[in-house]
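Colleague: Here you go, protein16.txt (compact mmCIF, C-alpha atoms):
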# COMPACT_ATOMS: atom_id res chain seq x y z
CA MET A 1 64.61 -1.89 39.94
CA LYS A 2 61.84 0.04 38.18
CA TRP A 3 61.23 -2.89 35.84
CA ARG A 4 60.80 -5.24 38.82
CA VAL A 5 58.21 -2.94 40.39
CA PHE A 6 56.41 -2.70 37.04
CA ILE A 7 56.26 -6.50 36.65
CA ILE A 8 54.97 -6.95 40.22
CA LEU A 9 52.21 -4.38 39.61
CA MET A 10 51.23 -6.08 36.36
CA VAL A 11 50.97 -9.47 38.07
CA LEU A 12 48.85 -8.00 40.87
CA SER A 13 46.52 -6.30 38.39
CA VAL A 14 46.01 -9.56 36.47
CA PHE A 15 45.31 -11.36 39.76
CA CYS A 16 42.66 -8.76 40.64
CA ILE A 17 40.99 -9.17 37.24
CA ILE A 18 40.87 -12.94 37.67
CA ASN A 19 39.34 -12.54 41.13
CA GLN A 20 36.45 -10.57 39.65
CA ALA A 21 35.08 -13.88 38.37
CA TYR A 22 34.20 -14.90 41.94
CA ALA A 23 30.68 -14.28 43.17
CA LEU A 24 30.29 -11.24 45.35
CA LEU A 25 28.88 -11.16 48.84
CA ILE A 26 25.14 -10.57 48.92
CA SER A 27 24.47 -6.85 48.49
CA SER A 28 21.84 -4.60 50.06
CA SER A 29 22.48 -1.65 47.74
CA ASP A 30 22.53 -3.14 44.23
CA LEU A 31 20.28 -1.95 41.39
CA TRP A 32 17.65 -4.65 42.00
CA ASP A 33 17.53 -4.51 45.79
CA VAL A 34 14.13 -3.83 47.32
CA SER A 35 15.80 -1.70 49.99
CA ARG A 36 16.21 1.09 47.41
CA GLY A 37 12.68 2.21 48.31
CA ALA A 38 9.02 1.27 48.24
CA GLY A 39 7.99 -0.03 44.85
CA TRP A 40 11.46 0.25 43.32
CA VAL A 41 11.17 -3.37 42.12
CA THR A 42 7.87 -4.93 40.96
CA VAL A 43 8.07 -8.74 40.76
CA THR A 44 5.99 -11.48 39.12
CA SER A 45 6.56 -15.21 38.60
CA ASN A 46 5.00 -18.20 36.82
CA THR A 47 4.90 -20.29 39.98
CA SER A 48 4.14 -20.12 43.66
CA VAL A 49 6.90 -20.87 46.14
CA SER A 50 7.21 -23.68 48.66
CA TYR A 51 8.41 -21.24 51.30
CA GLY A 52 10.23 -17.98 51.47
CA ASN A 53 9.22 -14.80 49.71
CA ILE A 54 9.83 -14.11 46.05
CA TYR A 55 11.27 -10.71 46.97
CA ASN A 56 14.03 -12.32 49.05
CA MET A 57 16.15 -12.96 45.97
CA PHE A 58 16.17 -9.18 45.47
CA GLY A 59 17.39 -8.34 48.96
CA GLY A 60 14.29 -8.87 51.06
CA THR A 61 16.28 -10.53 53.84
CA SER A 62 19.73 -11.98 54.36
CA TYR A 63 19.82 -15.66 53.45
CA PRO A 64 19.87 -18.12 56.36
CA VAL A 65 22.33 -20.97 56.77
CA GLU A 66 19.77 -23.72 56.28
CA GLY A 67 16.05 -24.34 56.49
CA ASP A 68 14.60 -20.87 57.08
CA PRO A 69 12.33 -18.90 54.72
CA GLY A 70 14.86 -16.20 53.84
CA ARG A 71 15.25 -17.64 50.34
CA LEU A 72 13.13 -18.28 47.27
CA ILE A 73 12.17 -21.92 46.69
CA PHE A 74 9.96 -22.70 43.70
CA THR A 75 7.08 -25.19 43.71
CA ASP A 76 8.06 -28.85 44.18
CA SER A 77 7.07 -31.98 42.22
CA VAL A 78 7.42 -30.75 38.64
CA PRO A 79 8.55 -32.60 35.48
CA SER A 80 12.19 -32.46 34.42
CA ASN A 81 13.05 -29.68 31.96
CA SER A 82 10.40 -27.45 33.51
CA THR A 83 11.23 -23.75 33.35
CA TYR A 84 10.63 -21.46 36.30
CA PHE A 85 10.86 -17.75 35.71
CA VAL A 86 10.81 -14.54 37.68
CA GLU A 87 10.21 -11.18 36.02
CA TRP A 88 10.83 -7.81 37.61
CA GLN A 89 10.69 -4.16 36.68
CA THR A 90 12.49 -1.16 38.16
CA LYS A 91 10.95 2.30 38.55
CA GLN A 92 13.63 3.83 36.32
CA PRO A 93 15.72 2.37 33.50
CA ILE A 94 19.14 1.11 34.55
CA GLU A 95 22.37 0.37 32.73
CA LEU A 96 23.21 -3.20 33.73
CA GLN A 97 26.93 -4.02 33.58
CA SER A 98 27.17 -7.18 35.72
CA PHE A 99 25.13 -9.33 38.09
CA ASN A 100 25.56 -11.77 40.97
CA LEU A 101 23.63 -15.04 41.50
CA VAL A 102 23.80 -17.21 44.62
CA ALA A 103 21.84 -20.50 44.66
CA ALA A 104 21.96 -23.93 46.30
CA HIS A 105 20.76 -27.51 45.81
CA ASP A 106 19.99 -29.97 48.60
CA ALA A 107 22.93 -30.24 50.96
CA TRP A 108 25.44 -32.81 52.13
CA ASP A 109 23.70 -35.57 54.13
CA GLY A 110 26.84 -36.78 55.95
CA THR A 111 27.80 -39.34 53.32
CA ILE A 112 27.35 -37.92 49.82
CA TYR A 113 25.51 -35.13 48.10
CA ARG A 114 22.55 -37.47 47.77
CA ASN A 115 20.04 -35.04 46.29
CA ALA A 116 22.13 -32.79 44.07
CA LYS A 117 19.37 -32.80 41.43
CA TYR A 118 16.88 -31.47 43.96
CA ARG A 119 16.64 -27.71 44.10
CA GLY A 120 19.39 -27.46 41.51
CA PHE A 121 18.97 -26.44 37.85
CA GLN A 122 20.76 -27.20 34.60
CA THR A 123 20.39 -23.80 32.92
CA PHE A 124 20.14 -20.18 34.04
CA ASN A 125 19.09 -17.51 31.55
CA LEU A 126 19.03 -13.76 32.15
CA LEU A 127 16.87 -11.76 29.74
CA ILE A 128 15.96 -8.11 29.17
CA TRP A 129 12.79 -6.69 27.57
CA ASN A 130 13.68 -4.90 24.32
CA GLY A 131 10.31 -3.20 23.86
CA SER A 132 8.62 -6.00 21.93
CA ASP A 133 10.14 -9.27 23.17
CA TRP A 134 12.59 -10.85 25.62
CA SER A 135 16.24 -10.79 24.58
CA ASN A 136 18.70 -13.23 26.19
CA ILE A 137 21.78 -11.46 27.54
CA TYR A 138 23.41 -14.25 29.58
CA THR A 139 23.23 -18.06 29.77
CA TYR A 140 24.99 -20.30 32.27
CA ASN A 141 24.94 -24.11 32.54
CA PRO A 142 26.22 -25.17 35.97
CA SER A 143 27.52 -28.63 36.77
CA LEU A 144 25.38 -31.02 38.82
CA TYR A 145 27.54 -30.30 41.88
CA PHE A 146 27.61 -26.53 41.96
CA GLY A 147 31.05 -26.42 43.54
CA GLY A 148 30.82 -23.33 45.72
CA GLY A 149 33.43 -20.58 45.81
CA PRO A 150 35.39 -18.32 48.17
CA ASN A 151 32.33 -16.72 49.76
CA TYR A 152 30.06 -19.80 49.80
CA PRO A 153 32.49 -22.74 49.99
CA SER A 154 30.06 -25.68 50.33
CA TYR A 155 29.77 -27.83 47.19
CA ASN A 156 25.99 -27.46 47.14
CA TYR A 157 26.26 -23.67 46.59
CA LEU A 158 26.47 -21.88 43.27
CA GLU A 159 28.47 -18.66 42.97
CA LEU A 160 28.08 -16.83 39.70
CA TYR A 161 29.32 -13.31 39.01
CA GLY A 162 28.52 -12.53 35.39
CA ILE A 163 30.00 -9.59 33.49
CA LEU A 164 28.04 -8.63 30.37
CA SER A 165 29.97 -8.29 27.12
CA SER A 166 28.36 -4.85 26.75
CA PRO A 167 26.12 -2.87 29.15
CA LYS A 168 22.37 -3.27 28.64
CA ILE A 169 19.85 -0.50 29.31
CA GLY A 170 16.29 -1.35 30.35
CA ASP A 171 13.83 -1.50 33.21
CA LYS A 172 12.33 -4.99 32.78
CA PHE A 173 14.23 -8.23 33.34
CA ARG A 174 13.58 -11.99 33.51
CA ALA A 175 15.49 -14.87 35.14
CA GLU A 176 14.83 -18.44 33.99
CA PHE A 177 15.80 -21.62 35.87
CA ILE A 178 15.46 -24.94 33.99
CA ILE A 179 15.21 -28.16 36.04
CA TYR A 180 17.75 -30.92 35.35
CA SER A 181 16.70 -33.00 32.34
CA ASP A 182 17.32 -36.30 34.16
CA ALA A 183 15.48 -35.33 37.34
CA ASN A 184 12.38 -37.39 38.13
CA GLN A 185 8.78 -36.22 38.45
CA TRP A 186 9.39 -35.42 42.11
CA ALA A 187 12.12 -32.92 41.39
CA LYS A 188 12.08 -30.03 43.81
CA GLY A 189 12.08 -26.40 42.74
CA PRO A 190 15.34 -24.42 42.69
CA ARG A 191 16.60 -22.66 45.82
CA ILE A 192 17.70 -19.12 44.93
CA MET A 193 19.44 -17.07 47.59
CA GLU A 194 20.07 -13.76 45.85
CA LEU A 195 20.14 -12.03 42.49
CA ASP A 196 21.94 -8.67 42.41
CA GLY A 197 22.46 -6.25 39.53
CA TYR A 198 25.32 -3.76 39.19
CA GLY A 199 25.72 -0.69 37.00
CA ARG A 200 23.99 2.68 37.22
CA VAL A 201 20.52 4.19 37.28
CA ILE A 202 19.65 6.21 34.18
CA PRO A 203 18.54 9.72 35.28
CA GLU A 204 14.92 10.64 34.58
CA PRO A 205 14.27 13.41 31.99
CA ALA A 206 13.11 15.77 34.75
CA THR A 207 16.37 15.20 36.61
CA LEU A 208 18.36 15.92 33.45
CA SER A 209 16.38 19.12 32.90
CA LEU A 210 17.13 20.33 36.41
CA LEU A 211 20.79 19.48 35.90
CA GLY A 212 20.79 21.49 32.67
CA LEU A 213 19.20 24.50 34.39
CA GLY A 214 21.76 24.25 37.17
CA LEU A 215 24.63 24.30 34.67
CA VAL A 216 23.11 27.31 32.89
CA GLY A 217 22.83 29.09 36.23
CA LEU A 218 26.46 28.38 37.06
CA ALA A 219 27.52 29.67 33.65
CA GLY A 220 25.57 32.91 34.30
CA LEU A 221 27.25 33.42 37.66
CA LYS A 222 30.64 32.89 36.08
CA ARG A 223 29.94 35.57 33.43
CA ARG A 224 28.88 38.07 36.10
CA LYS A 225 32.13 37.56 37.99
CA VAL A 226 34.08 38.16 34.82
Starting from the file, give its structure as structure tokens.

Modeller:
Amino acid sequence: MKWRVFIILMVLSVFCIINQAYALLISSSDLWDVSRGAGWVTVTSNTSVSYGNIYNMFGGTSYPVEGDPGRLIFTDSVPSNSTYFVEWQTKQPIELQSFNLVAAHDAWDGTIYRNAKYRGFQTFNLLIWNGSDWSNIYTYNPSLYFGGGPNYPSYNYLELYGILSSPKIGDKFRAEFIIYSDANQWAKGPRIMELDGYGRVIPEPATLSLLGLGLVGLAGLKRRKV
């Protein structure tokens, strides 16, 4: 009987690990979310946007179902293989362990996914600043039809939950989106819904000093009681 219970628990644990590959629901409390406070994330980009605000991909607003400016859409009418990028910096260094990306290309038109190349991308790169240059920490090449997932089931949505092979510590990051190589000159810029980071904030030196003083104080109280 005990062996049966053990096997069932093992199967359930494996199932849970597999499910971690699914994209998460959009977060409002992740490490890159603008709701963490004024100026927590500083953002720049190499392109203007067609509509929406560049901060939306970092939690500025919840994404809409279709057609509203609660998403980041890069400039239209660019050559194939063009690279869009967004760079951002957090007030304090963070230890990044995983991230979540939600994107979409042009939707179902009632017959086929006619414009899958529009607002899609062939490569996503996530980079971190190492003090002197950008270092690539994750690359993903989605299929033309993104395929959706449990939380965003439509085929024109991309769900990507990426777990880093080892945590990365830094305060400056860069996301790159490369347009499909076979898209024409009128290719439209990618539609990015959300980019979330998960891990922990690295305490500032002043915070560590206060923590150290607090521990010393507790040790002194303990000695007095003894």

Colleague: Between CA of Asn56 in chain A and CA of Leu72 in chain A, measure the distance and give it in Å to one decimal.

Modeller: 6.3 Å

Colleague: Calculated over all atoms listed in the file, which of the candidates A:Phe74, A:Trp88, A:Trp129, A:Tyr161 has the smallest distance to Asp33 in chain A?

Modeller: A:Trp88

Colleague: What is the distance between CA of Tyr145 in chain A and CA of Asn46 in chain A, in Å to one decimal?

Modeller: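 Straight-line distance from CA of Tyr145 in chain A to CA of Asn46 in chain A works out to 26.1 Å.
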
Colleague: State, in Å with one decimal place, the distance from CA of Thr75 in chain A to CA of Tyr118 in chain A.

Modeller: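 That distance, rounded to one decimal, is 11.6 Å.
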
Colleague: Using all atoms listed in the file, determine which residues lie at most 6 Å from Ala104 in chain A, disregarding the query and same-chain residues fewer than 5 positions distant; provide the list as a ChimeraX atom specification.

Modeller: /A:156-158,191

Colleague: How about saving the chosen residues, C-alpha atoms kept, as a PDB file, in the frame of the given file?

Modeller:
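Wrote again08.pdb, looks like this:
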ATOM      1  CA  ASN A 156      25.990 -27.460  47.140  1.00  0.00           C
ATOM      2  CA  TYR A 157      26.260 -23.670  46.590  1.00  0.00           C
ATOM      3  CA  LEU A 158      26.470 -21.880  43.270  1.00  0.00           C
ATOM      4  CA  ARG A 191      16.600 -22.660  45.820  1.00  0.00           C
TER       5      ARG A 191
END

Colleague: Nearest to Arg71 in chain A: which of A:Asn125, A:Ser154, A:Asn130, A:Asn53 is it, counting all atoms listed in the file?

Modeller: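 Ranking A:Asn125, A:Ser154, A:Asn130, A:Asn53 by distance to Arg71 in chain A, first place goes to A:Asn53.
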
Colleague: Is it possible to get the residues within 10 Å of (16.4, -11.9, 27.4) (coordinates as in the file, counting only C-alpha atoms) written as a list in words?

Modeller: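 Every polymer residue passing the test: Asn125, Leu126, Leu127, Ile128, Trp129, Asn130, Asp133, Trp134, Ser135, Asn136, Ile137, Tyr138, Thr139, Lys172, Phe173, Arg174, Ala175 and Glu176 of chain A.
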
Colleague: Tell me which of A:Phe85, A:Phe58, A:Tyr51, A:Tyr180 sits closest to Thr123 in chain A, counting only C-alpha atoms.

Modeller: A:Tyr180

Colleague: Smallest atom-to-atom distance to Lys188 in chain A: which of A:Val49, A:Leu164, A:Val34, A:Val102, using only C-alpha atoms?

Modeller: A:Val49

Colleague: Taking all atoms listed in the file into account, name the residue in A:Val43, A:Ile26, A:Ala38, A:Ile179 that is nearest to Val86 in chain A.

Modeller: A:Val43

Colleague: Out of A:Phe99, A:Arg119, A:Ser143, A:Pro150, which residue has the shortest atom-to-atom distance to Pro167 in chain A when counting only C-alpha atoms?

Modeller: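 For Pro167 in chain A, the nearest of the candidates is A:Phe99.
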